[in-house]
file data_6.pdb (PDB, C-alpha atoms)
ATOM      1  CA  MET P1149      75.243  74.091  22.499
ATOM      2  CA  THR P1150      71.467  74.241  22.353
ATOM      3  CA  ALA P1151      71.414  77.592  24.139
ATOM      4  CA  PHE P1152      74.203  78.924  21.901
ATOM      5  CA  PHE P1153      72.442  78.075  18.648
ATOM      6  CA  GLN P1154      69.139  79.445  19.887
ATOM      7  CA  LEU P1155      70.818  82.722  20.850
ATOM      8  CA  LEU P1156      72.558  82.849  17.470
ATOM      9  CA  PHE P1157      69.271  82.283  15.666
ATOM     10  CA  ARG P1158      67.579  85.047  17.635
ATOM     11  CA  PHE P1159      70.441  87.432  16.932
ATOM     12  CA  LEU P1160      70.302  86.698  13.196
ATOM     13  CA  SER P1161      66.515  87.088  13.161
ATOM     14  CA  VAL P1162      66.738  90.839  13.801
ATOM     15  CA  LEU P1163      69.204  91.507  10.963
ATOM     16  CA  PRO P1164      68.001  93.095   7.712
ATOM     17  CA  LEU P1165      67.134  90.647   4.956
ATOM     18  CA  PRO P1166      69.729  92.121   2.513
ATOM     19  CA  LEU P1167      72.476  91.436   5.047
ATOM     20  CA  LEU P1168      71.275  87.882   5.624
ATOM     21  CA  HIS P1169      71.161  87.242   1.894
ATOM     22  CA  ALA P1170      74.691  88.608   1.519
ATOM     23  CA  PHE P1171      75.814  86.185   4.206
ATOM     24  CA  GLY P1172      73.917  83.414   2.437
ATOM     25  CA  TRP P1173      75.653  84.237  -0.847
ATOM     26  CA  ALA P1174      79.011  83.656   0.824
ATOM     27  CA  LEU P1175      77.768  80.519   2.594
ATOM     28  CA  GLY P1176      76.523  79.032  -0.662
ATOM     29  CA  TRP P1177      79.833  79.534  -2.427
ATOM     30  CA  LEU P1178      81.857  78.228   0.507
ATOM     31  CA  THR P1179      79.794  75.047   0.464
ATOM     32  CA  PHE P1180      80.225  74.743  -3.288
ATOM     33  CA  LEU P1181      83.999  75.149  -3.110
ATOM     34  CA  ALA P1182      84.418  72.828  -0.132
ATOM     35  CA  SER P1183      82.417  69.839  -1.374
ATOM     36  CA  PRO P1184      83.264  67.974  -4.612
ATOM     37  CA  ARG P1185      80.235  65.735  -4.098
ATOM     38  CA  TYR P1186      77.988  68.788  -3.858
ATOM     39  CA  ARG P1187      79.419  70.171  -7.101
ATOM     40  CA  ARG P1188      78.998  66.890  -8.994
ATOM     41  CA  ARG P1189      75.371  66.522  -7.967
ATOM     42  CA  LEU P1190      74.588  70.170  -8.704
ATOM     43  CA  PHE P1191      75.974  70.043 -12.250
ATOM     44  CA  ALA P1192      74.573  66.574 -12.973
ATOM     45  CA  HIS P1193      71.000  67.434 -12.013
ATOM     46  CA  ALA P1194      70.985  70.736 -13.909
ATOM     47  CA  ARG P1195      72.484  69.061 -16.991
ATOM     48  CA  LEU P1196      69.895  66.275 -16.816
ATOM     49  CA  ALA P1197      67.148  68.905 -16.955
ATOM     50  CA  GLY P1198      68.761  70.510 -19.993
ATOM     51  CA  TYR P1199      70.315  73.537 -18.308
ATOM     52  CA  PRO P1200      73.874  74.811 -18.805
ATOM     53  CA  ARG P1201      76.473  75.175 -16.070
ATOM     54  CA  SER P1202      75.598  78.880 -15.800
ATOM     55  CA  VAL P1203      72.184  77.969 -14.366
ATOM     56  CA  ALA P1204      73.739  75.548 -11.887
ATOM     57  CA  LEU P1205      76.254  78.184 -10.811
ATOM     58  CA  GLY P1206      73.477  80.746 -10.485
ATOM     59  CA  SER P1207      71.748  78.481  -7.966
ATOM     60  CA  VAL P1208      74.785  78.286  -5.673
ATOM     61  CA  ALA P1209      74.188  81.616  -3.965
ATOM     62  CA  GLU P1210      70.436  80.994  -3.824
ATOM     63  CA  SER P1211      71.008  77.776  -1.877
ATOM     64  CA  GLY P1212      73.037  79.678   0.687
ATOM     65  CA  LYS P1213      70.357  82.349   0.981
ATOM     66  CA  LEU P1214      67.832  79.599   1.673
ATOM     67  CA  VAL P1215      69.687  78.775   4.885
ATOM     68  CA  ALA P1216      70.612  82.319   5.927
ATOM     69  CA  GLU P1217      67.056  83.671   5.700
ATOM     70  CA  LEU P1218      65.544  81.079   8.059
ATOM     71  CA  PRO P1219      66.144  82.991  11.334
ATOM     72  CA  ARG P1220      64.333  86.036   9.966
ATOM     73  CA  LEU P1221      61.448  83.984   8.583
ATOM     74  CA  TRP P1222      60.974  81.910  11.737
ATOM     75  CA  LEU P1223      61.568  84.495  14.451
ATOM     76  CA  GLY P1224      61.851  87.948  12.896
ATOM     77  CA  ARG P1225      59.536  90.660  11.656
ATOM     78  CA  PRO P1226      57.359  90.051   8.565
ATOM     79  CA  VAL P1227      59.094  90.486   5.222
ATOM     80  CA  HIS P1228      57.940  92.361   2.138
ATOM     81  CA  VAL P1229      55.904  90.272  -0.287
ATOM     82  CA  ASP P1230      54.211  90.731  -3.648
ATOM     83  CA  TRP P1231      51.611  88.399  -5.106
ATOM     84  CA  ASP P1232      51.280  87.046  -8.621
ATOM     85  CA  GLY P1233      48.234  84.956  -9.490
ATOM     86  CA  VAL P1234      46.401  85.354  -6.185
ATOM     87  CA  ALA P1235      43.097  85.087  -8.063
ATOM     88  CA  HIS P1236      43.742  81.349  -8.458
ATOM     89  CA  VAL P1237      43.587  80.970  -4.675
ATOM     90  CA  GLU P1238      40.394  82.996  -4.433
ATOM     91  CA  GLU P1239      38.818  80.893  -7.169
ATOM     92  CA  ALA P1240      39.774  77.639  -5.464
ATOM     93  CA  MET P1241      38.503  78.839  -2.088
ATOM     94  CA  ALA P1242      35.185  79.838  -3.617
ATOM     95  CA  HIS P1243      34.303  76.171  -4.105
ATOM     96  CA  GLY P1244      34.222  75.665  -0.339
ATOM     97  CA  ASP P1245      36.299  72.482  -0.394
ATOM     98  CA  GLY P1246      39.735  71.847   1.068
ATOM     99  CA  LEU P1247      42.747  73.325  -0.700
ATOM    100  CA  LEU P1248      46.072  71.591  -1.372
ATOM    101  CA  TYR P1249      49.122  73.776  -2.067
ATOM    102  CA  LEU P1250      51.998  72.037  -3.876
ATOM    103  CA  THR P1251      55.456  73.641  -3.755
ATOM    104  CA  PRO P1252      58.760  72.314  -5.154
ATOM    105  CA  HIS P1253      62.236  72.960  -3.736
ATOM    106  CA  LEU P1254      62.192  76.251  -5.585
ATOM    107  CA  GLY P1255      62.936  79.736  -4.288
ATOM    108  CA  CYS P1256      61.977  80.336  -0.675
ATOM    109  CA  PHE P1257      59.556  77.482  -0.078
ATOM    110  CA  GLU P1258      59.675  78.248   3.655
ATOM    111  CA  VAL P1259      57.916  81.576   3.176
ATOM    112  CA  THR P1260      54.973  80.413   1.060
ATOM    113  CA  ALA P1261      52.972  78.920   3.936
ATOM    114  CA  GLN P1262      53.532  82.062   5.999
ATOM    115  CA  LEU P1263      52.273  84.260   3.184
ATOM    116  CA  VAL P1264      49.199  82.091   2.672
ATOM    117  CA  ALA P1265      48.434  82.130   6.407
ATOM    118  CA  GLN P1266      48.961  85.875   6.589
ATOM    119  CA  ARG P1267      46.541  86.588   3.747
ATOM    120  CA  PHE P1268      43.997  83.767   3.989
ATOM    121  CA  GLY P1269      44.508  82.221   7.439
ATOM    122  CA  GLU P1270      41.400  83.736   9.009
ATOM    123  CA  ARG P1271      39.177  82.286   6.308
ATOM    124  CA  MET P1272      41.109  79.072   5.676
ATOM    125  CA  PRO P1273      43.919  77.998   8.041
ATOM    126  CA  ILE P1274      46.780  76.052   6.494
ATOM    127  CA  THR P1275      48.633  73.001   7.854
ATOM    128  CA  VAL P1276      52.038  72.241   6.346
ATOM    129  CA  LEU P1277      53.932  68.965   6.367
ATOM    130  CA  TYR P1278      57.531  69.114   7.593
ATOM    131  CA  ARG P1279      60.339  66.722   8.418
ATOM    132  CA  PRO P1280      61.409  67.168  12.079
ATOM    133  CA  ALA P1281      65.080  68.031  12.574
ATOM    134  CA  ARG P1282      67.385  65.573  14.296
ATOM    135  CA  GLN P1283      69.023  68.269  16.432
ATOM    136  CA  PRO P1284      66.985  69.130  19.563
ATOM    137  CA  TRP P1285      67.803  72.851  19.349
ATOM    138  CA  LEU P1286      66.596  73.024  15.757
ATOM    139  CA  ARG P1287      63.410  71.099  16.533
ATOM    140  CA  GLU P1288      62.504  73.681  19.176
ATOM    141  CA  LEU P1289      63.116  76.536  16.742
ATOM    142  CA  MET P1290      61.070  74.872  14.014
ATOM    143  CA  GLU P1291      58.105  74.745  16.358
ATOM    144  CA  ALA P1292      58.276  78.541  16.560
ATOM    145  CA  ARG P1293      56.973  78.654  12.985
ATOM    146  CA  ASN P1294      53.430  78.069  14.217
ATOM    147  CA  ARG P1295      51.474  81.313  14.078
ATOM    148  CA  PRO P1296      47.856  82.418  13.602
ATOM    149  CA  GLY P1297      46.380  80.541  10.667
ATOM    150  CA  LEU P1298      49.461  78.322  10.258
ATOM    151  CA  HIS P1299      49.958  74.871  11.775
ATOM    152  CA  THR P1300      52.624  72.224  11.202
ATOM    153  CA  ALA P1301      52.368  68.451  10.923
ATOM    154  CA  PRO P1302      55.387  66.083  11.160
ATOM    155  CA  THR P1303      56.109  63.411   8.567
ATOM    156  CA  THR P1304      54.561  60.670  10.685
ATOM    157  CA  LEU P1305      51.315  58.742  10.568
ATOM    158  CA  ALA P1306      49.864  61.167  13.106
ATOM    159  CA  GLY P1307      50.982  64.076  10.925
ATOM    160  CA  VAL P1308      49.308  62.613   7.833
ATOM    161  CA  LYS P1309      46.087  62.116   9.799
ATOM    162  CA  GLN P1310      46.334  65.770  10.809
ATOM    163  CA  LEU P1311      46.511  66.777   7.128
ATOM    164  CA  ILE P1312      43.531  64.625   6.193
ATOM    165  CA  LYS P1313      41.504  66.050   9.065
ATOM    166  CA  ALA P1314      42.312  69.596   7.950
ATOM    167  CA  LEU P1315      41.149  68.922   4.393
ATOM    168  CA  LYS P1316      37.940  67.283   5.582
ATOM    169  CA  GLN P1317      37.287  70.447   7.594
ATOM    170  CA  HIS P1318      37.669  72.446   4.345
ATOM    171  CA  GLN P1319      40.997  73.906   5.373
ATOM    172  CA  ALA P1320      44.273  74.159   3.441
ATOM    173  CA  VAL P1321      47.288  71.861   3.410
ATOM    174  CA  GLY P1322      50.762  72.488   2.000
ATOM    175  CA  LEU P1323      53.646  70.153   1.188
ATOM    176  CA  LEU P1324      56.670  69.653  -1.079
ATOM    177  CA  PRO P1325      55.764  66.780  -3.428
ATOM    178  CA  ASP P1326      59.311  66.543  -4.828
ATOM    179  CA  GLN P1327      60.626  65.407  -1.451
ATOM    180  CA  VAL P1328      61.773  61.775  -1.533
ATOM    181  CA  PRO P1329      59.359  59.691   0.588
ATOM    182  CA  PRO P1330      60.192  56.634   2.696
ATOM    183  CA  SER P1331      60.229  53.230   1.031
ATOM    184  CA  GLY P1332      56.729  51.944   0.307
ATOM    185  CA  GLN P1333      55.186  55.427   0.222
ATOM    186  CA  GLY P1334      56.016  56.329  -3.349
ATOM    187  CA  VAL P1335      56.235  55.197  -6.963
ATOM    188  CA  TRP P1336      58.832  55.738  -9.680
ATOM    189  CA  ALA P1337      57.903  58.551 -12.063
ATOM    190  CA  PRO P1338      59.905  60.704 -14.503
ATOM    191  CA  PHE P1339      61.276  64.017 -13.274
ATOM    192  CA  PHE P1340      63.217  65.940 -15.909
ATOM    193  CA  GLY P1341      63.685  62.769 -17.921
ATOM    194  CA  ARG P1342      64.888  60.450 -15.162
ATOM    195  CA  ASP P1343      62.828  58.244 -12.873
ATOM    196  CA  ALA P1344      62.572  59.622  -9.346
ATOM    197  CA  TYR P1345      60.899  58.002  -6.349
ATOM    198  CA  THR P1346      57.808  60.201  -5.956
ATOM    199  CA  MET P1347      55.400  60.371  -3.031
ATOM    200  CA  THR P1348      51.840  59.169  -3.462
ATOM    201  CA  LEU P1349      50.663  61.270  -0.509
ATOM    202  CA  SER P1350      49.989  64.311  -2.695
ATOM    203  CA  ALA P1351      47.467  62.440  -4.818
ATOM    204  CA  ARG P1352      45.836  60.827  -1.786
ATOM    205  CA  LEU P1353      45.363  64.214  -0.168
ATOM    206  CA  ALA P1354      44.004  65.750  -3.365
ATOM    207  CA  GLN P1355      41.322  63.066  -3.412
ATOM    208  CA  THR P1356      40.280  63.818   0.178
ATOM    209  CA  GLY P1357      36.932  65.552   0.301
ATOM    210  CA  GLY P1358      37.238  66.911  -3.223
ATOM    211  CA  ALA P1359      40.199  69.136  -2.347
ATOM    212  CA  ARG P1360      41.320  71.677  -4.945
ATOM    213  CA  VAL P1361      44.987  71.772  -5.988
ATOM    214  CA  VAL P1362      47.002  74.951  -6.441
ATOM    215  CA  LEU P1363      50.701  75.383  -7.283
ATOM    216  CA  ILE P1364      52.685  78.016  -5.400
ATOM    217  CA  TRP P1365      56.322  79.020  -4.990
ATOM    218  CA  GLY P1366      58.113  81.935  -3.353
ATOM    219  CA  GLU P1367      60.425  83.869  -5.668
ATOM    220  CA  ARG P1368      63.346  85.428  -3.841
ATOM    221  CA  LEU P1369      63.715  89.034  -5.027
ATOM    222  CA  SER P1370      67.183  90.447  -5.671
ATOM    223  CA  TRP P1371      69.147  92.477  -3.137
ATOM    224  CA  GLY P1372      67.043  91.267  -0.217
ATOM    225  CA  ARG P1373      63.945  93.191  -1.353
ATOM    226  CA  GLY P1374      61.629  90.439  -0.146
ATOM    227  CA  TYR P1375      59.629  87.780  -1.974
ATOM    228  CA  ARG P1376      56.966  87.294  -4.598
ATOM    229  CA  ALA P1377      54.395  84.559  -4.093
ATOM    230  CA  ARG P1378      53.684  83.075  -7.504
ATOM    231  CA  VAL P1379      50.468  81.055  -7.722
ATOM    232  CA  ARG P1380      49.589  78.853 -10.676
ATOM    233  CA  PRO P1381      46.573  76.654 -11.429
ATOM    234  CA  PHE P1382      47.112  72.912 -11.449
ATOM    235  CA  MET P1383      46.317  71.740 -14.959
ATOM    236  CA  ALA P1384      46.656  67.972 -15.178
ATOM    237  CA  ASP P1385      45.742  66.743 -18.654
ATOM    238  CA  GLY P1386      43.796  69.944 -19.182
ATOM    239  CA  ASP P1387      41.026  69.332 -16.642
ATOM    240  CA  GLY P1388      42.795  70.326 -13.430
ATOM    241  CA  GLN P1389      42.155  66.961 -11.767
ATOM    242  CA  LEU P1390      44.635  64.364 -10.572
ATOM    243  CA  SER P1391      44.346  60.826 -11.861
ATOM    244  CA  SER P1392      43.074  58.205  -9.426
ATOM    245  CA  ASP P1393      45.947  55.966 -10.565
ATOM    246  CA  PRO P1394      48.984  56.578  -8.270
ATOM    247  CA  GLN P1395      51.486  56.101 -11.106
ATOM    248  CA  GLN P1396      49.762  58.551 -13.417
ATOM    249  CA  ALA P1397      49.135  61.033 -10.599
ATOM    250  CA  ALA P1398      52.846  61.013  -9.734
ATOM    251  CA  ARG P1399      53.668  61.784 -13.359
ATOM    252  CA  GLN P1400      51.187  64.666 -13.383
ATOM    253  CA  ILE P1401      52.605  66.151 -10.196
ATOM    254  CA  ASN P1402      56.190  65.861 -11.405
ATOM    255  CA  GLN P1403      55.238  67.580 -14.649
ATOM    256  CA  ALA P1404      53.627  70.386 -12.647
ATOM    257  CA  MET P1405      56.764  70.779 -10.532
ATOM    258  CA  GLU P1406      58.883  70.901 -13.684
ATOM    259  CA  SER P1407      56.718  73.716 -15.044
ATOM    260  CA  LEU P1408      57.381  75.791 -11.932
ATOM    261  CA  VAL P1409      61.121  75.124 -11.974
ATOM    262  CA  LYS P1410      61.247  76.331 -15.583
ATOM    263  CA  GLU P1411      59.967  79.731 -14.433
ATOM    264  CA  CYS P1412      63.182  80.388 -12.484
ATOM    265  CA  PRO P1413      65.694  77.516 -12.735
ATOM    266  CA  THR P1414      68.465  79.405 -10.913
ATOM    267  CA  GLN P1415      66.373  79.307  -7.732
ATOM    268  CA  TYR P1416      65.776  75.555  -7.818
ATOM    269  CA  LEU P1417      67.685  73.449  -5.299
ATOM    270  CA  TRP P1418      69.634  71.400  -7.849
ATOM    271  CA  SER P1419      71.836  70.031  -5.073
ATOM    272  CA  TYR P1420      68.868  68.201  -3.528
ATOM    273  CA  ASP P1421      69.306  64.446  -3.969
ATOM    274  CA  ARG P1422      66.024  64.046  -5.822
ATOM    275  CA  TYR P1423      66.949  60.742  -7.478
ATOM    276  CA  LYS P1424      68.132  58.838  -4.446
ATOM    277  CA  ALA P1425      66.635  55.514  -3.459
ATOM    278  CA  PRO P1426      64.874  55.796  -0.085
ATOM    279  CA  ALA P1427      66.217  53.924   2.904
ATOM    280  CA  GLY P1428      65.016  50.340   2.934
ATOM    281  CA  LEU P1429      64.762  50.045  -0.833
ATOM    282  CA  SER P1430      67.528  47.887  -2.231
ATOM    283  CA  HIS P1431      69.561  48.916  -5.233
ATOM    284  CA  ALA P1432      68.250  45.907  -7.136
ATOM    285  CA  ALA P1433      64.657  46.905  -6.366
ATOM    286  CA  ARG P1434      65.352  50.377  -7.639
ATOM    287  CA  LEU P1435      66.826  49.061 -10.895
ATOM    288  CA  ASP P1436      63.814  46.761 -11.353
ATOM    289  CA  ALA P1437      61.418  49.654 -10.776
ATOM    290  CA  GLU P1438      63.243  51.920 -13.215
ATOM    291  CA  ARG P1439      63.368  49.132 -15.799
ATOM    292  CA  ALA P1440      59.608  48.586 -15.410
ATOM    293  CA  GLN P1441      58.997  52.287 -16.008
ATOM    294  CA  ARG P1442      60.763  52.111 -19.374
ATOM    295  CA  THR P1443      58.724  49.201 -20.667
TER     296      THR P1443
END

call {"tool": "encode", "arguments": {"input": "data_6.pdb", "output": "structure tokens"}}
result
Amino acid sequence: MTAFFQLLFRFLSVLPLPLLHAFGWALGWLTFLASPRYRRRLFAHARLAGYPRSVALGSVAESGKLVAELPRLWLGRPVHVDWDGVAHVEEAMAHGDGLLYLTPHLGCFEVTAQLVAQRFGERMPITVLYRPARQPWLRELMEARNRPGLHTAPTTLAGVKQLIKALKQHQAVGLLPDQVPPSGQGVWAPFFGRDAYTMTLSARLAQTGGARVVLIWGERLSWGRGYRARVRPFMADGDGQLSSDPQQAARQINQAMESLVKECPTQYLWSYDRYKAPAGLSHAARLDAERAQRT
């Protein structure tokens, strides 16, 4: 099975992006129609954020495209990309400190690190945090993402040390701060009006060696035309700095992620279980934490 999936991935990697996105459109809708649980979560999360069902339905095809485009992004030829706000990266790099890129589950978050490495990797390599796949064949393919100027670090203690080392060497680091962390590695903070268990790692990294923080997400262009890297400055309480208090920093980061999602809500992964309690955290502990947040 490992050989079969690897061959399939390599075959898909040579297909044109419009064809892969067409396949992803169908995949997204098949998943939507086949899973009542998926549909409930999708509609509930979009409604919680104040968006109508039309936005949730618009994200269905985008979720499928997210899966279908992976072979091309990992193993295929480079894709077309435009940039919006690249001056914010140049400005941050000019300070000579490390640089922390924060990206939500919005658009093609897989492509952003590649685009940064392609444009800035020679001057400032980037290391991205990722969660290793359980399937051996997929783990091997994920390792193929490493390329000049781009390195990966697993979600382990060794991986976190790798990120800290990169920042201390005035390099760049990228991660998805709206990913639910393991128990004990986060705090409860509002995300679109509901408390979500939010990682504290983002704030800890931002305070490593005076690292600068930049927001980035990869907009998926229509009809498989490529992507647009949208870069935004991180403006926490108007001064661009994260609070040293983990609770307040988590709030600031969640607010920043919300601002990006509002730019293109149909490309946000509303089906992601953002509000789940991490493994090891009891339901009672979660209720206590949420109750404390409201007081």

call {"tool": "closest_atom_pairs", "arguments": {"input": "data_6.pdb", "of": "stretch 1222-1295 of chain P", "to": "stretch 1365-1384 of chain P", "cutoff": "8 Å", "atoms": "all atoms listed in the file", "output": "CSV"}}
result
residue,atom,partner,partner_atom,distance
P:Val1227,CA,P:Gly1374,CA,5.9
P:His1228,CA,P:Gly1374,CA,4.7
P:Val1229,CA,P:Tyr1375,CA,4.8
P:Asp1230,CA,P:Arg1376,CA,4.5
P:Trp1231,CA,P:Ala1377,CA,4.8
P:Asp1232,CA,P:Arg1378,CA,4.8
P:Gly1233,CA,P:Val1379,CA,4.8
P:Val1234,CA,P:Val1379,CA,6.1
P:His1236,CA,P:Pro1381,CA,6.2
P:Val1237,CA,P:Val1379,CA,7.5
P:Thr1251,CA,P:Trp1365,CA,5.6
P:Pro1252,CA,P:Trp1365,CA,7.1
P:Leu1254,CA,P:Trp1365,CA,6.5
P:Gly1255,CA,P:Glu1367,CA,5.0
P:Cys1256,CA,P:Gly1366,CA,5.0
P:Phe1257,CA,P:Gly1366,CA,5.7
P:Val1259,CA,P:Gly1366,CA,6.5
P:Thr1260,CA,P:Gly1366,CA,5.6
P:Leu1263,CA,P:Ala1377,CA,7.6

call {"tool": "residues_around", "arguments": {"input": "data_6.pdb", "residues": "stretch 1284-1290 of chain P", "least_positions_apart": "4", "cutoff": "9 Å", "atoms": "only C-alpha atoms", "output": "number ranges by chain"}}
result
P: 1149-1151, 1153-1154, 1157, 1219, 1222-1223, 1280, 1294

call {"tool": "residues_around", "arguments": {"input": "data_6.pdb", "residues": "stretch 1170-1180 of chain P", "least_positions_apart": "4", "cutoff": "10 Å", "atoms": "all atoms listed in the file", "output": "JSON, numbers by chain"}}
result
{"P": [1165, 1166, 1184, 1185, 1186, 1187, 1188, 1190, 1205, 1207, 1208, 1209, 1210, 1211, 1212, 1213, 1214, 1215, 1216, 1217, 1371, 1372, 1419]}

call {"tool": "write_last_selection", "arguments": {"input": "data_6.pdb", "atoms": "C-alpha atoms", "output": "tab-separated table (two decimals), in the frame of the given file"}}
result
chain	number	residue	atom	x	y	z
P	1165	LEU	CA	67.13	90.65	4.96
P	1166	PRO	CA	69.73	92.12	2.51
P	1184	PRO	CA	83.26	67.97	-4.61
P	1185	ARG	CA	80.24	65.74	-4.10
P	1186	TYR	CA	77.99	68.79	-3.86
P	1187	ARG	CA	79.42	70.17	-7.10
P	1188	ARG	CA	79.00	66.89	-8.99
P	1190	LEU	CA	74.59	70.17	-8.70
P	1205	LEU	CA	76.25	78.18	-10.81
P	1207	SER	CA	71.75	78.48	-7.97
P	1208	VAL	CA	74.78	78.29	-5.67
P	1209	ALA	CA	74.19	81.62	-3.96
P	1210	GLU	CA	70.44	80.99	-3.82
P	1211	SER	CA	71.01	77.78	-1.88
P	1212	GLY	CA	73.04	79.68	0.69
P	1213	LYS	CA	70.36	82.35	0.98
P	1214	LEU	CA	67.83	79.60	1.67
P	1215	VAL	CA	69.69	78.78	4.88
P	1216	ALA	CA	70.61	82.32	5.93
P	1217	GLU	CA	67.06	83.67	5.70
P	1371	TRP	CA	69.15	92.48	-3.14
P	1372	GLY	CA	67.04	91.27	-0.22
P	1419	SER	CA	71.84	70.03	-5.07

call {"tool": "atom_distance", "arguments": {"input": "data_6.pdb", "atom1": "atom CA of P:Leu1218", "atom2": "atom CA of P:His1169"}}
result
10.4 Å

call {"tool": "residues_around", "arguments": {"input": "data_6.pdb", "residues": "P:Ala1397", "least_positions_apart": "3", "cutoff": "9 Å", "atoms": "only C-alpha atoms", "output": "VMD selection string"}}
result
chain P and resid 1348 1350 to 1351 1384 1390 to 1394 1400 to 1402

call {"tool": "residues_around", "arguments": {"input": "data_6.pdb", "residues": "P:Val1308", "least_positions_apart": "5", "cutoff": "10 Å", "atoms": "only C-alpha atoms", "output": "list in words"}}
result
Leu1277, Ala1301, Pro1302, Thr1303, Lys1313, Ala1314, Leu1349 and Leu1353 of chain P

call {"tool": "residues_around", "arguments": {"input": "data_6.pdb", "residues": "P:Pro1330", "least_positions_apart": "2", "cutoff": "12 Å", "atoms": "only C-alpha atoms", "output": "number ranges by chain"}}
result
P: 1279, 1303-1304, 1327-1328, 1332-1335, 1345-1349, 1424-1429

call {"tool": "closest_residue", "arguments": {"input": "data_6.pdb", "among": "P:Ala1337, P:Ala1261, P:Val1409, P:Leu1323", "to": "P:Arg1295", "atoms": "all atoms listed in the file"}}
result
P:Ala1261

call {"tool": "closest_residue", "arguments": {"input": "data_6.pdb", "among": "P:His1243, P:Arg1282, P:Arg1399, P:Arg1201", "to": "P:Gln1319", "atoms": "all atoms listed in the file"}}
result
P:His1243

call {"tool": "resolve_selection", "arguments": {"input": "data_6.pdb", "expression": "the PyMOL selection byres ((chain P and resi 1312) around 12)", "output": "PyMOL selection string"}}
result
chain P and resi 1246-1248+1274-1277+1301+1305-1311+1313-1322+1349-1359

call {"tool": "axis_aligned_box", "arguments": {"input": "data_6.pdb", "around": "stretch 1366-1372 of chain P", "padding_each_side": "6 Å", "output": "lines of an AutoDock Vina configuration file"}}
result
center_x = 63.6
center_y = 87.2
center_z = -2.9
size_x = 23.0
size_y = 22.5
size_z = 17.5

call {"tool": "atom_distance", "arguments": {"input": "data_6.pdb", "atom1": "atom CA of P:Leu1160", "atom2": "atom CA of P:Trp1418"}}
result
26.0 Å

call {"tool": "closest_residue", "arguments": {"input": "data_6.pdb", "among": "P:His1253, P:Val1362, P:Lys1410, P:Ala1192", "to": "P:Ala1235", "atoms": "all atoms listed in the file"}}
result
P:Val1362

call {"tool": "atom_distance", "arguments": {"input": "data_6.pdb", "atom1": "atom CA of P:Pro1413", "atom2": "atom CA of P:Phe1339"}}
result
14.2 Å

call {"tool": "resolve_selection", "arguments": {"input": "data_6.pdb", "expression": "the PyMOL selection byres ((chain P and resi 1270) around 12)", "output": "PyMOL selection string"}}
result
chain P and resi 1264-1269+1271-1274+1295-1298+1319-1320
